[in-house]
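Q: Here it is: the structure, laid out below.
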Amino acid sequence: MTPTACTINVTVNGHPHVAEVEPRRLLVDFLREDLGLAGTHIGCEHGVCGTCTVLLNGASIRSCITFAVQADGAEISTVEGLARGGEMHPLQDEFSEKQGLQCGYCTPGMLMRACEILAENPDPTPAEVRSAIASNLCRCTGYQFITEAVIGAAARMRATKEVAS
Amino acid sequence: MTRMSEVERSPEVAVAAPLLAEAVGLVAHTPVRNSGTVGGSLAHADPAAELPAVALASDAELVATGPAGTRRIAAVEFLTGPFSTALAPDEILTEIRLPMWAGGHAFVEFSRIHANFAVVGVAALIDLDGDRIRRAALALTGVAPTAIRATAAENVLAGSDVGDMAATAAEAAGVAVQGLTPAGDLHASPQTRLALARTYLRRGIELAMSRARNER
Ligand SMILES: Cc1cc2nc3c(=O)[nH]c(=O)nc-3n(C[C@H](O)[C@H](O)[C@H](O)COP(=O)(O)OP(=O)(O)OC[C@H]3O[C@@H](n4cnc5c(N)ncnc54)[C@H](O)[C@@H]3O)c2cc1C
Ligand code: FES
Ligand code: FES
């Protein structure tokens, strides 16, 4: 039996898309294969590692255990949407400067989770960051440099906000 | 169909169903709770999951809706085996009804890694009448094919004095694990599960008792 295609309306990194997807199409495959946004990685494919983390209406979710049809009507943010016109997001800058990555496999998920953490609490302690990023696995860095990068980005984002307001 | 992260943040749930609020905070990490629902966890009926134990201890009623209409299922009848429930194939859970509990609550668990599925978990509810326990409800995860109530231990607690909380909790915990025959797996042997159940029961009962005292 061929599954019937569904029409979905989703906004990805600010761009609206209307797409035909099979009901069983995973969100991560939709993003990577149908939209060509291969920045979102696939690791464990069962919700454990977090490298596929994207934001759905601002909340972090595992795109490997979410169907594309579940994103109908939603706004999705992926790692591709972080930089603005060639200028890195403070989180990306800090991950680069503080060596918050080595192989980089976990990085797209870490960055999206970090966005949510800082949206909820713009001034977290290192312990709070550590506890919050425990949702995402990194096999390289030992988490210390990731924690430092998130703290560094938080300070920069707060400073920018103060200048702006 | 309420997402766990909504439950976790709800001030109403924190007041009306603090046991549920505490247990939800122990389910995996934020990105999983942003997707996972309370109804989904109950319908999935993982023997290691927290929420079936909350439903059992709270005497929850689960409302199932299907083409034939709507019916209420008591939590104790809902869990029929590992990953198995009383839901018919054409029914879905549409409502979870938790009676209010006046006393103290506690959800405590042992997990090898922060936020992983727990090896053993304990839900405890204790209601006091002066220095005596009026009513106790205990449920366990990880020691049987489904979450289970520890009725014999509840009977030990009911009517007993809370003057010596530690001794009362230890006695009840000892009674609760009698006759349990948990299966061993790569996470823990049967002996380890029993030892953990005893320890976490003691802690859960003590915590619920002390919260019940502070409530007054
Ligand atoms: C990395 C990871 C760690 C986890 N750790 C824990 C943990 O520590 N503790 C824990 O308890 N759980 C844990 N879980 C499971 C998690 O809580 C699940 O999200 C939850 O059990 C079910 O989620 P869901 O609402 O998305 O349901 P789904 O996964 O969509 O559904 C699960 C099952 O229930 C059925 N179902 C869903 N909703 C209903 C309904 N309303 N009525 C009838 N049937 C329904 C579905 O058909 C399916 O068979 C973990 C999951 C992951 C990925
Ligand atoms: S690939 Fe989705 S959590 Fe690992
Ligand atoms: S940088 Fe390699 S897994 Fe995190």
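Note on naming: chains are A, B, ... as they come in the structure tokens, residues start from 1 per chain, ligands start from 1 in the order shown.
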If the cut-off is 10 Å, can you tell me the residues of chain A near chain B, counting only C-alpha atoms? I'd like them as a short mmCIF file (atom, residue, chain, number, x, y, z; two decimals) with N, CA, C and O atoms, in the first residue's frame.
A:
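That gives us result-v2.cif:
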data_model
loop_
_atom_site.label_atom_id
_atom_site.label_comp_id
_atom_site.auth_asym_id
_atom_site.auth_seq_id
_atom_site.Cartn_x
_atom_site.Cartn_y
_atom_site.Cartn_z
N GLY A 47 16.37 9.21 19.38
CA GLY A 47 16.05 10.21 20.40
C GLY A 47 17.04 10.36 21.53
O GLY A 47 16.83 11.15 22.44
N VAL A 48 18.15 9.62 21.49
CA VAL A 48 19.05 9.61 22.64
C VAL A 48 20.19 10.63 22.54
O VAL A 48 20.51 11.30 23.52
N GLY A 50 20.83 13.47 20.48
CA GLY A 50 20.57 14.91 20.39
C GLY A 50 21.20 15.64 19.23
O GLY A 50 21.00 16.85 19.08
N THR A 53 18.82 17.69 17.03
CA THR A 53 17.96 18.67 17.71
C THR A 53 17.71 19.90 16.84
O THR A 53 18.64 20.51 16.32
N VAL A 54 16.44 20.24 16.67
CA VAL A 54 16.05 21.50 16.03
C VAL A 54 15.02 22.16 16.95
O VAL A 54 14.55 21.53 17.89
N LEU A 55 14.69 23.41 16.66
CA LEU A 55 13.66 24.08 17.47
C LEU A 55 12.34 24.05 16.70
O LEU A 55 12.31 24.37 15.50
N LEU A 56 11.28 23.64 17.39
CA LEU A 56 9.93 23.67 16.82
C LEU A 56 9.16 24.69 17.65
O LEU A 56 8.98 24.49 18.85
N ALA A 59 10.96 25.45 20.84
CA ALA A 59 11.26 24.38 21.80
C ALA A 59 12.12 23.31 21.13
O ALA A 59 11.82 22.88 20.02
N SER A 60 13.16 22.87 21.83
CA SER A 60 14.05 21.86 21.24
C SER A 60 13.33 20.52 21.15
O SER A 60 12.63 20.11 22.07
N ILE A 61 13.49 19.88 20.01
CA ILE A 61 12.91 18.54 19.83
C ILE A 61 13.91 17.67 19.06
O ILE A 61 14.83 18.19 18.43
N ARG A 62 13.72 16.36 19.14
CA ARG A 62 14.54 15.43 18.36
C ARG A 62 13.88 15.26 16.99
O ARG A 62 12.80 14.65 16.90
N ILE A 65 12.86 11.59 15.74
CA ILE A 65 11.68 10.85 16.21
C ILE A 65 10.43 11.74 16.10
O ILE A 65 9.48 11.58 16.87
N THR A 66 10.49 12.67 15.16
CA THR A 66 9.35 13.54 14.90
C THR A 66 9.00 13.37 13.41
O THR A 66 9.91 13.35 12.58
N ARG A 113 20.19 23.46 20.96
CA ARG A 113 19.80 23.31 22.37
C ARG A 113 20.27 24.52 23.17
O ARG A 113 19.55 25.03 24.02
N GLU A 116 17.94 27.45 22.95
CA GLU A 116 16.78 27.32 23.83
C GLU A 116 17.17 27.62 25.29
O GLU A 116 16.44 28.32 26.00
N ILE A 117 18.32 27.11 25.70
CA ILE A 117 18.78 27.32 27.08
C ILE A 117 18.90 28.82 27.35
O ILE A 117 18.43 29.33 28.37
N SER A 131 24.07 20.96 33.28
CA SER A 131 22.89 20.13 33.50
C SER A 131 21.99 20.17 32.27
O SER A 131 21.45 19.14 31.84
N ALA A 132 21.83 21.35 31.67
CA ALA A 132 20.90 21.48 30.54
C ALA A 132 21.43 20.80 29.28
O ALA A 132 20.67 20.20 28.52
N ILE A 133 22.74 20.88 29.03
CA ILE A 133 23.27 20.24 27.80
C ILE A 133 23.48 18.74 27.98
O ILE A 133 23.90 18.06 27.05
N ALA A 134 23.15 18.23 29.17
CA ALA A 134 23.24 16.77 29.37
C ALA A 134 22.27 16.05 28.43
O ALA A 134 22.36 14.84 28.25
N SER A 135 21.35 16.80 27.82
CA SER A 135 20.41 16.20 26.85
C SER A 135 21.11 15.82 25.56
O SER A 135 20.53 15.11 24.74
N ASN A 136 22.31 16.33 25.33
CA ASN A 136 23.00 16.11 24.06
C ASN A 136 24.36 15.46 24.31
O ASN A 136 25.10 15.92 25.18
#
Q: Find the residues near ligand 2. Use a cut-off of 6 Å, count only C-alpha atoms and all ligand atoms, and write them as a list in words.
A: Ile42, Gly43, Cys44, Glu45, His46, Gly47, Val48, Cys49, Gly50, Thr51, Cys52, Arg62, Ser63 and Cys64 of chain A
Q: Put those residues in a file: all heavy atoms, as an mmCIF file, in the first residue's frame.
A:
data_model
loop_
_atom_site.group_PDB
_atom_site.id
_atom_site.type_symbol
_atom_site.label_atom_id
_atom_site.label_comp_id
_atom_site.auth_asym_id
_atom_site.auth_seq_id
_atom_site.Cartn_x
_atom_site.Cartn_y
_atom_site.Cartn_z
ATOM 1 N N ILE A 42 22.329 13.282 11.824
ATOM 2 C CA ILE A 42 21.635 12.091 12.329
ATOM 3 C C ILE A 42 22.666 11.208 13.023
ATOM 4 O O ILE A 42 23.692 10.880 12.435
ATOM 5 C CB ILE A 42 20.980 11.283 11.190
ATOM 6 C CG1 ILE A 42 20.081 12.183 10.328
ATOM 7 C CG2 ILE A 42 20.174 10.122 11.762
ATOM 8 C CD1 ILE A 42 19.434 11.457 9.158
ATOM 9 N N GLY A 43 22.399 10.861 14.281
ATOM 10 C CA GLY A 43 23.319 9.993 15.016
ATOM 11 C C GLY A 43 22.649 8.676 15.350
ATOM 12 O O GLY A 43 22.682 7.725 14.595
ATOM 13 N N CYS A 44 21.978 8.667 16.507
ATOM 14 C CA CYS A 44 21.419 7.412 17.025
ATOM 15 C C CYS A 44 20.099 7.017 16.371
ATOM 16 O O CYS A 44 19.711 5.856 16.397
ATOM 17 C CB CYS A 44 21.182 7.565 18.519
ATOM 18 S SG CYS A 44 19.909 8.786 18.886
ATOM 19 N N GLU A 45 19.394 7.993 15.825
ATOM 20 C CA GLU A 45 18.073 7.771 15.217
ATOM 21 C C GLU A 45 17.043 7.224 16.185
ATOM 22 O O GLU A 45 16.062 6.633 15.764
ATOM 23 C CB GLU A 45 18.166 6.849 13.989
ATOM 24 C CG GLU A 45 18.919 7.472 12.838
ATOM 25 C CD GLU A 45 18.909 6.601 11.613
ATOM 26 O OE1 GLU A 45 17.902 6.610 10.904
ATOM 27 O OE2 GLU A 45 19.918 5.882 11.382
ATOM 28 N N HIS A 46 17.233 7.375 17.481
ATOM 29 C CA HIS A 46 16.137 7.046 18.400
ATOM 30 C C HIS A 46 16.044 7.962 19.616
ATOM 31 O O HIS A 46 15.654 7.537 20.687
ATOM 32 C CB HIS A 46 16.097 5.552 18.757
ATOM 33 C CG HIS A 46 17.284 5.060 19.541
ATOM 34 N ND1 HIS A 46 18.389 4.529 18.963
ATOM 35 C CD2 HIS A 46 17.506 5.013 20.866
ATOM 36 C CE1 HIS A 46 19.244 4.171 19.895
ATOM 37 N NE2 HIS A 46 18.743 4.456 21.058
ATOM 38 N N GLY A 47 16.365 9.209 19.384
ATOM 39 C CA GLY A 47 16.048 10.210 20.400
ATOM 40 C C GLY A 47 17.044 10.356 21.528
ATOM 41 O O GLY A 47 16.827 11.150 22.437
ATOM 42 N N VAL A 48 18.151 9.623 21.493
ATOM 43 C CA VAL A 48 19.048 9.608 22.641
ATOM 44 C C VAL A 48 20.186 10.631 22.544
ATOM 45 O O VAL A 48 20.509 11.299 23.519
ATOM 46 C CB VAL A 48 19.639 8.189 22.854
ATOM 47 C CG1 VAL A 48 20.673 8.191 23.967
ATOM 48 C CG2 VAL A 48 18.528 7.205 23.170
ATOM 49 N N CYS A 49 20.780 10.781 21.351
ATOM 50 C CA CYS A 49 22.046 11.524 21.294
ATOM 51 C C CYS A 49 21.883 13.030 21.149
ATOM 52 O O CYS A 49 22.732 13.792 21.598
ATOM 53 C CB CYS A 49 22.919 10.988 20.171
ATOM 54 S SG CYS A 49 22.369 11.482 18.517
ATOM 55 N N GLY A 50 20.831 13.471 20.477
ATOM 56 C CA GLY A 50 20.566 14.911 20.390
ATOM 57 C C GLY A 50 21.203 15.644 19.227
ATOM 58 O O GLY A 50 20.999 16.848 19.078
ATOM 59 N N THR A 51 21.964 14.958 18.367
ATOM 60 C CA THR A 51 22.615 15.701 17.280
ATOM 61 C C THR A 51 21.596 16.224 16.261
ATOM 62 O O THR A 51 21.862 17.173 15.545
ATOM 63 C CB THR A 51 23.724 14.870 16.605
ATOM 64 O OG1 THR A 51 24.482 15.745 15.766
ATOM 65 C CG2 THR A 51 23.172 13.727 15.770
ATOM 66 N N CYS A 52 20.404 15.621 16.228
ATOM 67 C CA CYS A 52 19.357 16.030 15.289
ATOM 68 C C CYS A 52 18.455 17.116 15.862
ATOM 69 O O CYS A 52 17.421 17.434 15.269
ATOM 70 C CB CYS A 52 18.501 14.821 14.938
ATOM 71 S SG CYS A 52 17.548 14.269 16.370
ATOM 72 N N ARG A 62 13.716 16.361 19.135
ATOM 73 C CA ARG A 62 14.541 15.430 18.357
ATOM 74 C C ARG A 62 13.883 15.256 16.985
ATOM 75 O O ARG A 62 12.800 14.651 16.897
ATOM 76 C CB ARG A 62 14.584 14.059 19.038
ATOM 77 C CG ARG A 62 14.882 14.071 20.525
ATOM 78 C CD ARG A 62 16.219 14.630 20.827
ATOM 79 N NE ARG A 62 16.796 14.005 22.019
ATOM 80 C CZ ARG A 62 17.764 14.548 22.735
ATOM 81 N NH1 ARG A 62 18.261 15.726 22.408
ATOM 82 N NH2 ARG A 62 18.255 13.900 23.774
ATOM 83 N N SER A 63 14.527 15.717 15.930
ATOM 84 C CA SER A 63 13.882 15.634 14.613
ATOM 85 C C SER A 63 13.916 14.209 14.060
ATOM 86 O O SER A 63 13.223 13.899 13.109
ATOM 87 C CB SER A 63 14.519 16.606 13.630
ATOM 88 O OG SER A 63 15.885 16.311 13.422
ATOM 89 N N CYS A 64 14.699 13.312 14.700
ATOM 90 C CA CYS A 64 14.764 11.921 14.229
ATOM 91 C C CYS A 64 13.581 11.097 14.718
ATOM 92 O O CYS A 64 13.347 10.001 14.212
ATOM 93 C CB CYS A 64 16.063 11.251 14.680
ATOM 94 S SG CYS A 64 16.137 10.914 16.455
#
Q: Which residues are close to B:Leu93, i.e. within 7 Å by only C-alpha atoms, leaving aside same-chain residues fewer than 4 positions away? Reply as a VMD selection string.
A: chain B and resid 39 62 to 65
Q: Run DSSP on the backbone and tell me which residues of stretch 35-149 of chain B come out as alpha helix (DSSP H); list them as a list in words.
A: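 DSSP on the backbone gives alpha helix (DSSP H) at Val38, Gly39, Gly40, Ser41, Leu42, Ala43, His44, Glu50, Leu51, Pro52, Ala53, Val54, Ala55, Leu56, Ala57, Ala75, Val76, Glu77 and Phe78 of chain B.
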Q: Can I get the residues of chain B within 9 Å of ligand 1, each with the closest pair of atoms and their distance in Å to one decimal, using only C-alpha atoms and all ligand atoms, sorted chain first then ascending number, as a Markdown table?
A:
| residue | atom | partner | partner_atom_place_in_ligand_line | distance |
| --- | --- | --- | --- | --- |
| B:Met1 | CA | ligand 1 | 41 (N) | 5.4 |
| B:Thr2 | CA | ligand 1 | 25 (O) | 8.3 |
| B:Arg3 | CA | ligand 1 | 25 (O) | 7.1 |
| B:Met4 | CA | ligand 1 | 17 (O) | 8.0 |
| B:Ala23 | CA | ligand 1 | 11 (O) | 8.7 |
| B:Val24 | CA | ligand 1 | 11 (O) | 8.0 |
| B:Leu26 | CA | ligand 1 | 8 (O) | 6.4 |
| B:Val27 | CA | ligand 1 | 8 (O) | 4.0 |
| B:Ala28 | CA | ligand 1 | 5 (N) | 3.9 |
| B:His29 | CA | ligand 1 | 3 (C) | 7.1 |
| B:Pro31 | CA | ligand 1 | 1 (C) | 8.7 |
| B:Val32 | CA | ligand 1 | 52 (C) | 5.8 |
| B:Arg33 | CA | ligand 1 | 19 (O) | 6.6 |
| B:Asn34 | CA | ligand 1 | 19 (O) | 8.7 |
| B:Ser35 | CA | ligand 1 | 26 (O) | 5.6 |
| B:Gly36 | CA | ligand 1 | 19 (O) | 3.5 |
| B:Thr37 | CA | ligand 1 | 25 (O) | 3.5 |
| B:Val38 | CA | ligand 1 | 25 (O) | 6.2 |
| B:Gly39 | CA | ligand 1 | 41 (N) | 4.5 |
| B:Gly40 | CA | ligand 1 | 38 (N) | 3.4 |
| B:Ser41 | CA | ligand 1 | 21 (O) | 3.4 |
| B:Leu42 | CA | ligand 1 | 21 (O) | 7.0 |
| B:Ala43 | CA | ligand 1 | 34 (O) | 4.5 |
| B:His44 | CA | ligand 1 | 34 (O) | 4.2 |
| B:Ala45 | CA | ligand 1 | 21 (O) | 7.5 |
| B:Asp46 | CA | ligand 1 | 11 (O) | 6.9 |
| B:Pro47 | CA | ligand 1 | 11 (O) | 8.7 |
| B:Ala48 | CA | ligand 1 | 11 (O) | 6.6 |
| B:Ala49 | CA | ligand 1 | 11 (O) | 3.3 |
| B:Glu50 | CA | ligand 1 | 11 (O) | 4.7 |
| B:Leu51 | CA | ligand 1 | 11 (O) | 6.1 |
| B:Pro52 | CA | ligand 1 | 11 (O) | 8.1 |
| B:Ala64 | CA | ligand 1 | 42 (N) | 7.4 |
| B:Thr65 | CA | ligand 1 | 42 (N) | 8.5 |
| B:Phe83 | CA | ligand 1 | 49 (O) | 8.7 |
| B:Leu87 | CA | ligand 1 | 43 (C) | 7.2 |
| B:Pro89 | CA | ligand 1 | 43 (C) | 8.7 |
| B:Asp90 | CA | ligand 1 | 43 (C) | 8.8 |
| B:Glu91 | CA | ligand 1 | 43 (C) | 6.4 |
| B:Ile92 | CA | ligand 1 | 42 (N) | 3.5 |
| B:Leu93 | CA | ligand 1 | 42 (N) | 3.7 |
| B:Thr94 | CA | ligand 1 | 41 (N) | 5.8 |
| B:Glu95 | CA | ligand 1 | 41 (N) | 8.1 |
| B:Ser111 | CA | ligand 1 | 8 (O) | 8.5 |
| B:Ala115 | CA | ligand 1 | 8 (O) | 5.7 |
| B:Asn116 | CA | ligand 1 | 8 (O) | 4.8 |
| B:Phe117 | CA | ligand 1 | 8 (O) | 3.5 |
| B:Ala118 | CA | ligand 1 | 8 (O) | 6.0 |
Q: Pick out the residues no farther than 10 Å from ligand 3, counting only C-alpha atoms and all ligand atoms, and list them as a list in words.
A: Gly43, Cys49, Thr51, Gln99, Gly100, Leu101, Gln102, Cys103, Gly104, Tyr105, Cys106, Thr107, Pro108, Gly109, Met110, Asn136, Leu137, Cys138, Arg139, Cys140, Thr141, Gly142, Tyr143 and Ile146 of chain A
Q: If we count only C-alpha atoms and set the cut-off at 12 Å, which residues sit around B:Val143, ignoring sequence neighbours fewer than 4 positions away in its own chain? Please answer as a PyMOL selection string.
A: chain B and resi 47-49+53+82+118-122+139+147-150+176-185+188-198
Q: What's the 12 Å shell around A:Arg84, counting only C-alpha atoms, without same-chain residues fewer than 5 positions away, as a PyMOL selection string?
A: chain A and resi 13-14+79+89-90+92
Q: Go ahead and save the picked residues with N, CA, C and O atoms, as a compact mmCIF listing (two decimals), in the first residue's frame.
A:
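Just written: part08.txt:
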# COMPACT_ATOMS: atom_id res chain seq x y z
N ASN A 13 13.56 28.36 9.23
CA ASN A 13 14.48 29.50 9.33
C ASN A 13 13.90 30.75 8.65
O ASN A 13 14.58 31.46 7.92
N GLY A 14 12.61 30.95 8.86
CA GLY A 14 11.96 32.15 8.33
C GLY A 14 11.40 32.01 6.93
O GLY A 14 10.66 32.86 6.48
N VAL A 79 20.33 24.79 12.38
CA VAL A 79 21.64 25.44 12.51
C VAL A 79 21.91 26.39 11.34
O VAL A 79 22.59 27.41 11.51
N HIS A 89 26.57 33.63 14.46
CA HIS A 89 25.82 33.83 15.69
C HIS A 89 26.83 33.82 16.85
O HIS A 89 27.84 33.09 16.76
N PRO A 90 26.61 34.59 17.92
CA PRO A 90 27.56 34.57 19.04
C PRO A 90 27.86 33.15 19.55
O PRO A 90 29.00 32.86 19.95
N GLN A 92 27.96 30.40 17.73
CA GLN A 92 28.89 29.77 16.77
C GLN A 92 30.30 30.34 16.97
O GLN A 92 31.29 29.59 16.97
